[in-house]
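**Student:** Next comes the structure file model-v3.txt, holding compact mmCIF, C-alpha atoms and all ligand atoms.
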# COMPACT_ATOMS: atom_id res chain seq x y z
CA MET A 1 -1.78 17.13 -21.93
CA ASN A 2 1.31 17.85 -19.90
CA PHE A 3 3.85 15.19 -18.95
CA GLU A 4 6.07 17.59 -17.01
CA PHE A 5 6.38 17.36 -13.26
CA SER A 6 6.20 20.63 -11.36
CA GLU A 7 9.29 21.93 -9.58
CA GLU A 8 7.63 20.93 -6.31
CA HIS A 9 7.17 17.34 -7.52
CA LEU A 10 10.79 17.13 -8.66
CA ALA A 11 12.09 18.63 -5.41
CA ILE A 12 10.12 16.16 -3.31
CA GLN A 13 11.20 13.25 -5.48
CA GLU A 14 14.85 14.27 -5.05
CA THR A 15 14.47 14.76 -1.28
CA VAL A 16 12.92 11.31 -0.85
CA ARG A 17 15.53 9.72 -3.13
CA GLN A 18 18.32 11.13 -0.97
CA PHE A 19 16.53 10.17 2.24
CA ALA A 20 15.99 6.63 0.99
CA GLN A 21 19.63 6.24 -0.01
CA LYS A 22 20.94 7.63 3.26
CA GLU A 23 18.46 6.31 5.80
CA ILE A 24 16.94 3.15 4.35
CA ALA A 25 19.25 1.58 1.76
CA PRO A 26 22.21 0.80 4.09
CA THR A 27 20.16 -1.56 6.27
CA ALA A 28 17.29 -2.62 3.97
CA HIS A 29 18.67 -6.03 3.05
CA GLU A 30 20.03 -6.88 6.49
CA TYR A 31 16.80 -5.83 8.22
CA ASP A 32 14.79 -7.91 5.80
CA GLU A 33 16.95 -10.96 6.49
CA GLN A 34 16.61 -10.46 10.23
CA GLY A 35 12.93 -9.48 10.15
CA VAL A 36 13.62 -6.12 11.80
CA PHE A 37 10.86 -3.52 11.78
CA PRO A 38 12.81 -0.23 11.88
CA ARG A 39 10.59 1.99 14.00
CA ASP A 40 13.32 4.67 14.01
CA ILE A 41 13.17 4.96 10.21
CA ILE A 42 9.38 5.22 10.31
CA ASN A 43 9.80 8.06 12.83
CA LYS A 44 12.19 9.82 10.47
CA MET A 45 9.75 9.39 7.57
CA GLY A 46 7.16 11.04 9.81
CA GLU A 47 9.53 13.87 10.68
CA MET A 48 10.20 14.41 6.96
CA GLY A 49 6.46 14.94 6.45
CA PHE A 50 6.01 12.00 4.07
CA PHE A 51 2.88 10.77 5.84
CA GLY A 52 1.20 14.15 5.69
CA CYS A 53 1.14 14.52 1.93
CA LEU A 54 -2.64 14.06 1.63
CA LEU A 55 -3.66 16.17 4.64
CA PRO A 56 -3.83 19.93 5.17
CA GLU A 57 -1.53 21.76 7.55
CA GLU A 58 -4.26 21.92 10.18
CA TYR A 59 -3.77 18.16 10.72
CA GLY A 60 -0.01 18.20 10.52
CA GLY A 61 0.05 17.64 6.76
CA THR A 62 1.66 19.26 3.75
CA ASP A 63 -1.28 18.91 1.33
CA TYR A 64 1.10 17.89 -1.47
CA GLY A 65 -1.44 15.55 -3.04
CA PHE A 66 -1.67 12.11 -4.60
CA LEU A 67 0.94 12.57 -7.31
CA ASN A 68 3.44 13.43 -4.60
CA MET A 69 2.24 10.50 -2.52
CA VAL A 70 3.01 8.09 -5.37
CA LEU A 71 6.40 9.72 -6.03
CA ILE A 72 7.33 9.34 -2.35
CA THR A 73 6.10 5.75 -2.26
CA GLU A 74 7.94 4.83 -5.45
CA GLU A 75 11.25 6.23 -4.17
CA ILE A 76 10.92 4.39 -0.84
CA SER A 77 10.04 1.16 -2.62
CA LYS A 78 13.11 1.39 -4.85
CA VAL A 79 15.19 0.65 -1.76
CA SER A 80 12.70 -1.15 0.48
CA SER A 81 9.43 -2.55 -0.75
CA SER A 82 8.67 -3.34 2.91
CA LEU A 83 8.84 0.24 4.08
CA ARG A 84 6.72 1.73 1.31
CA GLY A 85 3.83 0.01 3.11
CA ALA A 86 4.14 2.60 5.89
CA MET A 87 2.73 5.20 3.48
CA ASN A 88 -0.55 3.29 3.37
CA MET A 89 -0.58 2.49 7.08
CA GLN A 90 0.24 6.00 8.34
CA CYS A 91 -1.25 8.16 5.65
CA THR A 92 -3.50 6.92 2.87
CA GLY A 93 -5.41 4.15 4.63
CA THR A 94 -5.67 5.76 8.07
CA ALA A 95 -4.87 9.48 8.64
CA TYR A 96 -6.33 10.43 5.25
CA ASN A 97 -9.33 8.13 5.63
CA ILE A 98 -10.10 9.71 9.01
CA PHE A 99 -9.60 13.14 7.47
CA LYS A 100 -12.07 12.28 4.68
CA ASN A 101 -14.73 10.59 6.79
CA GLY A 102 -14.19 11.66 10.39
CA ASN A 103 -15.87 14.36 12.44
CA PRO A 104 -13.75 17.32 13.64
CA GLU A 105 -12.91 15.66 16.99
CA GLN A 106 -11.80 12.42 15.33
CA LYS A 107 -9.65 14.27 12.78
CA LYS A 108 -8.03 16.36 15.48
CA LYS A 109 -7.38 13.43 17.80
CA TYR A 110 -6.26 10.70 15.40
CA SER A 111 -4.86 12.13 12.15
CA PRO A 112 -1.90 14.27 13.45
CA PRO A 113 -0.20 11.52 15.51
CA LEU A 114 -0.41 9.15 12.51
CA VAL A 115 1.07 11.81 10.21
CA SER A 116 3.97 12.44 12.61
CA ALA A 117 4.36 8.66 13.23
CA GLN A 118 4.05 9.24 16.96
CA LYS A 119 1.36 6.56 16.65
CA LEU A 120 1.30 3.69 14.18
CA GLY A 121 -1.81 2.83 12.23
CA CYS A 122 -3.41 -0.04 10.38
CA PHE A 123 -6.65 -0.77 8.60
CA ALA A 124 -8.40 -4.04 9.16
CA ILE A 125 -10.63 -5.42 6.44
CA THR A 126 -9.61 -9.01 5.68
CA GLU A 127 -10.84 -11.99 7.70
CA PRO A 128 -10.08 -15.70 7.51
CA ASN A 129 -13.20 -16.28 5.37
CA ALA A 130 -13.52 -12.85 3.82
CA GLY A 131 -10.53 -12.00 1.62
CA SER A 132 -11.62 -11.01 -1.88
CA ASP A 133 -15.22 -11.32 -0.72
CA VAL A 134 -15.09 -8.32 1.61
CA MET A 135 -18.81 -8.14 2.22
CA ALA A 136 -18.74 -11.64 3.76
CA MET A 137 -16.93 -10.32 6.84
CA LYS A 138 -18.22 -11.77 10.11
CA THR A 139 -16.73 -9.46 12.75
CA ARG A 140 -19.75 -8.12 14.62
CA ALA A 141 -20.32 -4.82 16.34
CA ILE A 142 -23.35 -4.69 18.60
CA ARG A 143 -24.50 -1.40 20.10
CA GLU A 144 -24.70 -1.44 23.89
CA ASP A 145 -25.43 1.80 25.73
CA GLY A 146 -22.79 4.33 24.68
CA SER A 147 -20.51 1.80 23.02
CA TYR A 148 -20.17 -0.90 20.44
CA ILE A 149 -19.02 -4.36 21.47
CA LEU A 150 -16.83 -5.95 18.82
CA ASN A 151 -16.18 -9.67 18.38
CA GLY A 152 -14.39 -11.44 15.57
CA SER A 153 -11.02 -11.81 13.92
CA LYS A 154 -9.02 -10.13 11.20
CA THR A 155 -6.09 -11.62 9.38
CA TRP A 156 -3.31 -10.50 7.01
CA ILE A 157 -3.44 -7.05 8.56
CA SER A 158 -0.36 -4.98 7.82
CA PHE A 159 1.07 -3.41 11.01
CA ALA A 160 -1.41 -5.41 13.16
CA THR A 161 1.22 -6.25 15.75
CA VAL A 162 2.68 -2.74 16.04
CA ALA A 163 -0.30 -0.44 15.44
CA ASP A 164 -1.73 1.90 18.07
CA ILE A 165 -4.80 2.80 16.03
CA ALA A 166 -6.86 0.71 13.60
CA ILE A 167 -9.63 1.55 11.22
CA LEU A 168 -11.59 -1.61 11.58
CA TYR A 169 -14.62 -2.65 9.59
CA ALA A 170 -17.34 -4.73 11.22
CA ASN A 171 -20.82 -5.97 10.52
CA THR A 172 -23.58 -3.98 12.21
CA ALA A 173 -26.50 -5.70 10.49
CA GLU A 174 -28.18 -6.08 13.89
CA GLU A 175 -28.76 -2.36 13.73
CA GLY A 176 -31.69 -3.31 11.50
CA ASP A 177 -31.17 -0.57 8.92
CA GLY A 178 -30.43 -3.05 6.14
CA LYS A 179 -26.84 -1.85 5.76
CA ARG A 180 -24.16 -4.28 6.73
CA LEU A 181 -20.81 -2.68 7.45
CA SER A 182 -19.68 0.13 9.72
CA ALA A 183 -16.21 1.60 10.20
CA PHE A 184 -14.61 2.09 13.62
CA ILE A 185 -11.52 3.82 14.91
CA VAL A 186 -10.18 1.28 17.37
CA GLU A 187 -7.43 1.91 19.90
CA MET A 188 -5.33 -1.21 19.76
CA ASP A 189 -4.59 -1.27 23.50
CA SER A 190 -8.30 -1.74 24.24
CA PRO A 191 -9.00 -4.72 26.50
CA GLY A 192 -10.02 -7.81 24.50
CA ILE A 193 -7.64 -7.23 21.57
CA THR A 194 -4.86 -9.71 20.92
CA THR A 195 -2.54 -9.81 17.93
CA SER A 196 -0.15 -12.39 16.56
CA PRO A 197 2.40 -12.17 13.77
CA ILE A 198 2.21 -13.96 10.41
CA HIS A 199 5.50 -15.13 8.90
CA LYS A 200 5.65 -14.30 5.23
CA LEU A 201 7.66 -15.15 2.12
CA GLY A 202 8.90 -11.56 1.83
CA SER A 203 8.50 -7.99 3.10
CA HIS A 204 10.07 -9.07 6.37
CA SER A 205 10.55 -5.50 7.64
CA PHE A 206 6.83 -4.90 7.35
CA PRO A 207 4.98 -6.71 10.15
CA THR A 208 1.76 -8.47 9.25
CA GLY A 209 -0.56 -10.23 11.65
CA GLU A 210 -3.88 -11.35 12.98
CA ILE A 211 -6.18 -9.40 15.27
CA THR A 212 -8.60 -11.17 17.59
CA LEU A 213 -11.40 -9.15 19.17
CA GLU A 214 -13.19 -10.50 22.23
CA ASP A 215 -15.88 -8.23 23.63
CA VAL A 216 -13.88 -5.15 22.71
CA LYS A 217 -15.68 -2.01 23.85
CA VAL A 218 -15.42 0.85 21.35
CA PRO A 219 -17.05 4.15 22.36
CA LYS A 220 -19.74 5.25 19.92
CA GLU A 221 -17.71 8.45 19.37
CA ASN A 222 -15.25 6.22 17.51
CA LEU A 223 -17.69 5.22 14.80
CA LEU A 224 -16.23 6.61 11.55
CA GLY A 225 -19.07 8.06 9.50
CA ASN A 226 -22.60 6.86 10.17
CA PRO A 227 -23.74 3.35 11.11
CA GLY A 228 -23.98 1.27 7.92
CA GLU A 229 -21.63 3.55 5.98
CA GLY A 230 -18.73 1.12 6.29
CA ALA A 231 -18.94 -0.21 2.72
CA ARG A 232 -18.92 3.30 1.29
CA ILE A 233 -15.93 4.25 3.45
CA LEU A 234 -14.08 1.01 2.71
CA PHE A 235 -14.64 1.04 -1.05
CA GLY A 236 -13.91 4.76 -1.09
CA SER A 237 -10.57 4.18 0.64
CA LEU A 238 -9.42 1.20 -1.44
CA PRO A 239 -8.76 3.24 -4.61
CA ASP A 240 -6.47 5.45 -2.47
CA THR A 241 -4.45 2.65 -0.90
CA ARG A 242 -4.39 0.68 -4.16
CA ILE A 243 -2.67 3.51 -5.97
CA GLY A 244 -0.08 3.67 -3.18
CA CYS A 245 0.42 -0.04 -3.58
CA ALA A 246 0.78 0.34 -7.38
CA ALA A 247 3.44 3.01 -6.81
CA GLY A 248 5.29 0.55 -4.58
CA ALA A 249 5.17 -2.00 -7.39
CA ILE A 250 6.78 0.37 -9.90
CA GLY A 251 9.47 1.33 -7.38
CA LEU A 252 10.32 -2.32 -6.89
CA ALA A 253 10.22 -3.00 -10.65
CA HIS A 254 12.63 -0.11 -11.12
CA ALA A 255 15.00 -1.59 -8.52
CA CYS A 256 14.89 -4.92 -10.37
CA ILE A 257 15.83 -3.43 -13.71
CA ASP A 258 18.57 -1.29 -12.14
CA GLU A 259 20.18 -4.40 -10.67
CA ALA A 260 19.73 -6.34 -13.91
CA VAL A 261 21.36 -3.58 -15.98
CA LYS A 262 24.25 -3.26 -13.52
CA TYR A 263 24.86 -7.00 -13.61
CA CYS A 264 24.60 -7.17 -17.43
CA ASN A 265 27.46 -4.67 -17.65
CA GLU A 266 29.59 -6.30 -14.93
CA ARG A 267 29.22 -9.98 -15.70
CA THR A 268 31.42 -11.44 -18.39
CA GLN A 269 30.72 -14.77 -20.11
CA PHE A 270 32.07 -16.14 -23.38
CA GLY A 271 34.65 -13.33 -23.33
CA GLN A 272 32.27 -10.36 -23.21
CA PRO A 273 29.82 -8.55 -20.91
CA ILE A 274 26.47 -10.31 -21.00
CA ALA A 275 24.93 -6.92 -21.95
CA ASN A 276 26.19 -7.67 -25.47
CA PHE A 277 23.83 -10.59 -25.87
CA GLN A 278 20.68 -9.70 -27.76
CA MET A 279 18.68 -12.06 -25.57
CA ASN A 280 19.40 -9.82 -22.57
CA GLN A 281 18.87 -6.61 -24.54
CA HIS A 282 15.42 -7.86 -25.55
CA VAL A 283 14.24 -8.74 -22.05
CA ILE A 284 15.59 -5.45 -20.68
CA ALA A 285 13.77 -3.58 -23.47
CA ASP A 286 10.48 -5.38 -22.74
CA VAL A 287 10.64 -4.78 -19.04
CA ALA A 288 11.83 -1.16 -19.33
CA THR A 289 8.88 -0.43 -21.64
CA ALA A 290 6.43 -2.17 -19.31
CA ILE A 291 7.71 -0.12 -16.35
CA GLU A 292 7.25 3.12 -18.30
CA ALA A 293 3.68 2.11 -19.22
CA ALA A 294 2.88 1.12 -15.62
CA ARG A 295 4.29 4.40 -14.38
CA LEU A 296 2.06 6.39 -16.73
CA LEU A 297 -1.02 4.50 -15.53
CA VAL A 298 -0.10 5.08 -11.89
CA TYR A 299 0.69 8.77 -12.39
CA ARG A 300 -2.52 9.30 -14.38
CA ALA A 301 -4.69 7.75 -11.66
CA ALA A 302 -2.93 9.85 -8.99
CA TRP A 303 -3.23 13.00 -11.11
CA GLN A 304 -6.97 12.33 -11.54
CA LYS A 305 -7.37 12.23 -7.76
CA ASP A 306 -5.55 15.55 -7.49
CA GLN A 307 -8.05 16.94 -10.04
CA GLY A 308 -10.90 15.92 -7.74
CA VAL A 309 -11.84 12.61 -9.41
CA LYS A 310 -11.57 10.65 -6.17
CA ASN A 311 -13.54 7.48 -6.87
CA ASN A 312 -11.57 6.41 -9.95
CA VAL A 313 -11.82 2.69 -9.26
CA LEU A 314 -11.38 1.72 -12.93
CA GLU A 315 -8.24 3.75 -13.61
CA THR A 316 -6.82 2.64 -10.26
CA SER A 317 -7.45 -1.00 -11.15
CA TYR A 318 -5.72 -0.56 -14.54
CA ALA A 319 -2.72 0.87 -12.70
CA LYS A 320 -2.64 -1.57 -9.78
CA MET A 321 -3.16 -4.67 -11.92
CA PHE A 322 -0.58 -3.73 -14.52
CA ALA A 323 2.02 -2.40 -12.06
CA ALA A 324 1.80 -5.58 -9.97
CA ASP A 325 2.27 -7.77 -13.04
CA VAL A 326 5.21 -5.62 -14.13
CA ALA A 327 6.84 -5.95 -10.69
CA VAL A 328 6.64 -9.74 -10.94
CA GLN A 329 7.89 -9.70 -14.55
CA SER A 330 10.79 -7.40 -13.61
CA ALA A 331 11.81 -9.53 -10.64
CA ASP A 332 11.75 -12.62 -12.86
CA VAL A 333 13.94 -10.92 -15.47
CA ALA A 334 16.39 -9.71 -12.81
CA MET A 335 16.57 -13.24 -11.41
CA ASP A 336 17.12 -14.81 -14.87
CA ILE A 337 19.91 -12.35 -15.68
CA HIS A 338 21.67 -12.96 -12.37
CA GLY A 339 21.45 -16.73 -12.73
CA ALA A 340 22.48 -18.56 -9.57
CA TYR A 341 23.66 -15.31 -7.95
CA GLY A 342 20.07 -14.05 -8.10
CA TYR A 343 18.99 -17.07 -6.11
CA SER A 344 21.56 -16.32 -3.43
CA ALA A 345 20.22 -14.60 -0.32
CA GLU A 346 23.22 -12.26 -0.51
CA TYR A 347 21.99 -10.43 -3.61
CA PRO A 348 19.10 -7.96 -3.35
CA VAL A 349 17.45 -9.64 -6.33
CA SER A 350 16.35 -12.57 -4.14
CA ARG A 351 14.57 -10.08 -1.86
CA TYR A 352 12.98 -8.30 -4.82
CA TYR A 353 11.75 -11.63 -6.17
CA ARG A 354 10.09 -12.51 -2.85
CA ASP A 355 8.64 -9.03 -2.40
CA ALA A 356 7.25 -8.70 -5.94
CA LYS A 357 4.63 -11.43 -5.63
CA LEU A 358 2.92 -9.53 -2.81
CA TYR A 359 1.72 -6.91 -5.27
CA GLN A 360 -0.43 -9.43 -7.15
CA ILE A 361 -2.10 -10.42 -3.87
CA VAL A 362 -2.67 -7.38 -1.65
CA GLU A 363 -5.10 -4.53 -2.23
CA GLY A 364 -7.21 -6.72 -4.49
CA THR A 365 -5.67 -9.78 -6.09
CA LYS A 366 -4.71 -9.75 -9.75
CA ASN A 367 -7.93 -11.67 -10.41
CA ILE A 368 -10.12 -9.14 -8.56
CA HIS A 369 -8.72 -6.29 -10.65
CA ARG A 370 -9.37 -8.26 -13.83
CA ILE A 371 -12.95 -8.78 -12.63
CA ILE A 372 -13.39 -5.06 -11.86
CA ILE A 373 -12.00 -4.05 -15.26
CA GLY A 374 -13.61 -6.87 -17.25
CA GLN A 375 -17.07 -6.29 -15.78
CA ASP A 376 -16.80 -2.57 -16.42
CA ARG A 377 -15.67 -2.99 -20.02
CA LEU A 378 -18.34 -5.62 -20.72
CA GLY A 379 -21.07 -3.38 -19.35
CA ILE A 380 -21.88 -5.78 -16.51
CA ARG A 381 -21.03 -3.49 -13.61
CA LYS A 382 -19.62 0.02 -13.68
CA ALA A 383 -16.38 0.37 -11.70
CA ASN A 384 -16.61 4.12 -11.04
CA ARG A 385 -19.79 4.45 -9.01
O1 LIG B 401 -25.34 -1.75 -0.85
P1 LIG B 401 -24.29 -1.76 0.17
O2 LIG B 401 -24.47 -0.79 1.27
O3 LIG B 401 -23.95 -3.14 0.63
O4 LIG B 401 -22.99 -1.19 -0.59
C1 LIG B 401 -22.39 -1.88 -1.69
C2 LIG B 401 -21.86 -0.84 -2.67
O5 LIG B 401 -22.79 0.16 -2.91
C3 LIG B 401 -21.13 -2.48 -1.10
O6 LIG B 401 -20.12 -1.48 -1.26
C4 LIG B 401 -20.65 -0.34 -1.93
N1 LIG B 401 -19.62 0.14 -2.87
C5 LIG B 401 -19.18 1.39 -2.94
N2 LIG B 401 -19.49 2.50 -2.25
C6 LIG B 401 -18.85 3.64 -2.54
C7 LIG B 401 -18.95 -0.61 -3.78
N3 LIG B 401 -18.08 0.16 -4.46
C8 LIG B 401 -18.20 1.41 -3.96
C9 LIG B 401 -17.56 2.62 -4.22
N4 LIG B 401 -16.62 2.71 -5.15
N5 LIG B 401 -17.91 3.72 -3.49
C10 LIG B 401 -20.68 -3.75 -1.77
O7 LIG B 401 -20.51 -3.46 -3.14
P2 LIG B 401 -20.60 -4.63 -4.21
O8 LIG B 401 -20.34 -4.04 -5.53
O9 LIG B 401 -21.90 -5.38 -4.02
O10 LIG B 401 -19.38 -5.57 -3.76
P3 LIG B 401 -19.11 -7.09 -4.02
O11 LIG B 401 -19.75 -7.54 -5.29
O12 LIG B 401 -19.41 -7.85 -2.78
O13 LIG B 401 -17.49 -7.10 -4.16
C11 LIG B 401 -16.86 -6.49 -5.19
C12 LIG B 401 -15.34 -6.76 -5.16
C13 LIG B 401 -15.01 -8.23 -5.32
C14 LIG B 401 -14.78 -5.96 -6.31
C15 LIG B 401 -14.78 -6.23 -3.78
O14 LIG B 401 -15.22 -7.02 -2.72
C16 LIG B 401 -13.28 -6.14 -3.76
O15 LIG B 401 -12.74 -5.16 -4.23
N6 LIG B 401 -12.57 -7.15 -3.19
C17 LIG B 401 -11.13 -7.08 -3.00
C18 LIG B 401 -10.78 -6.88 -1.56
C19 LIG B 401 -9.54 -6.06 -1.32
O16 LIG B 401 -9.07 -5.31 -2.14
N7 LIG B 401 -9.01 -6.19 -0.14
C20 LIG B 401 -7.88 -5.39 0.25
C21 LIG B 401 -7.49 -5.72 1.61
S1 LIG B 401 -6.45 -4.51 2.38
C22 LIG B 401 -4.88 -4.85 1.89
O17 LIG B 401 -4.64 -5.63 1.02
C23 LIG B 401 -3.82 -4.11 2.61
C24 LIG B 401 -2.47 -4.16 1.94
C25 LIG B 401 -1.63 -3.02 2.39
C26 LIG B 401 -0.50 -2.67 1.41
O18 LIG B 401 0.32 -3.54 1.09
O19 LIG B 401 -0.40 -1.50 1.01
Take the structure in the file and give it back as structure tokens.
Ligand code: GRA
**Tutor:**
Amino acid sequence: MNFEFSEEHLAIQETVRQFAQKEIAPTAHEYDEQGVFPRDIINKMGEMGFFGCLLPEEYGGTDYGFLNMVLITEEISKVSSSLRGAMNMQCTGTAYNIFKNGNPEQKKKYSPPLVSAQKLGCFAITEPNAGSDVMAMKTRAIREDGSYILNGSKTWISFATVADIAILYANTAEEGDGKRLSAFIVEMDSPGITTSPIHKLGSHSFPTGEITLEDVKVPKENLLGNPGEGARILFGSLPDTRIGCAAGAIGLAHACIDEAVKYCNERTQFGQPIANFQMNQHVIADVATAIEAARLLVYRAAWQKDQGVKNNVLETSYAKMFAADVAVQSADVAMDIHGAYGYSAEYPVSRYYRDAKLYQIVEGTKNIHRIIIGQDRLGIRKANR
């Protein structure tokens, strides 16, 4: 067992840390308040190669791997939980998914512009009546000559309103092969697609929206994998994006504790810094320990993927579930320590508090991860299939 990062890991971590401080931190709070989506920063993240970490050079990538992906995501999330989402939209959930499941033409056409951020991506799973229950999705794709005709709607799709390219899952049961879902690469400017924004509690620099599809013609060349392989592709991609999400949660948790510690040392009450009060020492100790534990779970799951264990649903669920809970716990502690100042929109803690809850909802709710883990441990259904 080796807990040391390689020199490459440390160098990338330091590069991203500096980038985040210089390029993201100065405007993170203001942009969140104003709901600004900073396309220019996303472009710079692309130029820095962040979105290529899971792809080989041939597709514009750096091939750094999953452990690097989580280190990058964590550092971005320390300053902007909103912008860490771009790692999943540009890299893990789109460019990398196409790289894993696409044919040579699809990989060549779609992965490089996502990696460079020339084009923005999204992946569209959730529907109004199919959230946790993915397989209940109703969006239909019917084969007609050389195309598929898609009808339906998707909701809570990150980057829906800004994306150029979507990996969109639809029901192709009419194909009659008994399999239900297929995956499509959809160009978002196709006639018949409309999008609308969803206003959220937090993550205001990270646009989220609905996608409506009315007789959208998708060429059959844009089917990702084979007809009916959608569930395999979808459930094979979720452990990848979930670990990115978990890394975002630890980055945010880290930001919370940093602010809490700073405030404990600055704020004086009853004639002394509030850091002197054991009550605060105890909560800081609990949350600092929880962050360390979450980090180890996240790094282990990422390391496993780098060792070739790609479908590690169980270990990813341990990491995602725990990291999300720790983000919420850390935001709560930071808020308690700041008192009324934490509740003020002026302090970053209010943003962290709003952003933290997202992690218990997206990429499988906290309940879904408990179901995945609980069923595996009880011998009801194996998570790693
Ligand atoms: O037989 P079949 O062809 O129907 O295939 C089934 C199964 O073999 C089908 O999927 C296949 N499958 C897999 N294939 C390859 C399942 N797991 C795998 C796998 N690991 N590899 C259905 O499987 P099932 O077991 O019958 O599914 P189920 O019982 O209907 O559902 C299980 C479960 C509830 C766990 C699942 O639906 C689930 O994980 N739900 C949570 C949904 C979720 O995570 N949504 C995320 C939305 S995207 C998002 O949040 C973006 C946020 C972006 C960000 O912030 O980063």
**Student:** State, in Å with one decimal place, the distance from atom CA of Met279 of chain A to atom CA of Tyr318 of chain A.
**Tutor:** 29.1 Å
**Student:** Using only C-alpha atoms, find the one residue out of A:Arg385, A:Lys119, A:Lys305, A:Arg180 that sits nearest to Ile165 of chain A.
**Tutor:**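 Ranking A:Arg385, A:Lys119, A:Lys305, A:Arg180 by distance to Ile165 of chain A, first place goes to A:Lys119.
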**Student:** Nearest to ligand LIG 401 (chain B): which of A:Arg84, A:His282, A:Lys138, A:Lys78 is it, counting all atoms listed in the file?
**Tutor:**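 Nearest candidate to ligand LIG 401 (chain B) out of A:Arg84, A:His282, A:Lys138, A:Lys78: A:Arg84.
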**Student:** Produce as a ChimeraX atom specification the set of residues near ligand LIG 401 (chain B), where near means within 8 Å with all atoms listed in the file considered.
**Tutor:** /A:84-89,123-126,131-136,156-158,179-181,228-236,238-239,241-242,244-245,311-313,358-359,361-365,368-369,371-372,383-385
**Student:** What's around segment 183-193 of chain A at 8 Å? Count only C-alpha atoms, leave out sequence neighbours fewer than 4 positions away in its own chain, and write the answer as an MDAnalysis selection string.
**Tutor:** chainID A and resid 163:170 211:218 222:225 227 229:230 233:234
**Student:** For atom CA of Arg351 of chain A and atom CA of Glu75 of chain A, quote the distance in Å rounded to one decimal.
**Tutor:**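 Going from atom CA of Arg351 of chain A over to atom CA of Glu75 of chain A covers 16.8 Å.
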**Student:** Please provide the set of residues having any atom within 9 Å of Ala301 of chain A, restricted to all atoms listed in the file, with same-chain residues fewer than 3 positions apart removed, written as a list in words.
**Tutor:**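 Skipping anything fewer than 3 positions along the chain leaves Phe66, Leu67, Ile243, Leu296, Leu297, Val298, Gln304, Lys305, Asp306, Val309, Asn312, Glu315, Thr316, Tyr318 and Ala319 of chain A.
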**Student:** Quick one: pull the distance between atom CA of Tyr353 of chain A and atom CA of Asp332 of chain A, Å, one decimal.
**Tutor:**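 Separating atom CA of Tyr353 of chain A from atom CA of Asp332 of chain A is a distance of 6.8 Å.
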**Student:** Extract, using all atoms listed in the file, all DNA, RNA and protein residues at most 8 Å from Pro197 of chain A, discarding same-chain residues fewer than 6 positions from it, and format them as an mmCIF file with C-alpha atoms, keeping the file's coordinate frame.
**Tutor:**
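Writing done, so here's result_38.cif:
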data_model
loop_
_atom_site.group_PDB
_atom_site.id
_atom_site.type_symbol
_atom_site.label_atom_id
_atom_site.label_comp_id
_atom_site.auth_asym_id
_atom_site.auth_seq_id
_atom_site.Cartn_x
_atom_site.Cartn_y
_atom_site.Cartn_z
ATOM 1 C CA ALA A 160 -1.410 -5.410 13.160
ATOM 2 C CA THR A 161 1.220 -6.250 15.750
ATOM 3 C CA PRO A 207 4.980 -6.710 10.150
ATOM 4 C CA THR A 208 1.760 -8.470 9.250
ATOM 5 C CA GLY A 209 -0.560 -10.230 11.650
ATOM 6 C CA GLU A 210 -3.880 -11.350 12.980
#
**Student:** Using only C-alpha atoms, which protein or nucleic acid residues come within 12 Å of Tyr343 of chain A? Drop anything in the same chain fewer than 3 positions from it, and give the result as JSON, numbers by chain.
**Tutor:** {"A": [331, 332, 334, 335, 336, 337, 338, 339, 340, 346, 347, 348, 349, 350, 351, 352, 353, 354]}
**Student:** Taking 4 positions as the minimum chain separation for residues in the same chain, which residues sit within 12 Å of Glu4 of chain A when counting all atoms listed in the file? Answer as number ranges by chain.
**Tutor:** A: 8-10, 296, 299, 303
**Student:** Return the single residue from A:Met321, A:Leu114, A:Val328, A:Val70 that is closest to Arg370 of chain A, with distances computed using all atoms listed in the file.
**Tutor:**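 Comparing A:Met321, A:Leu114, A:Val328, A:Val70 against Arg370 of chain A, the winner is A:Met321.
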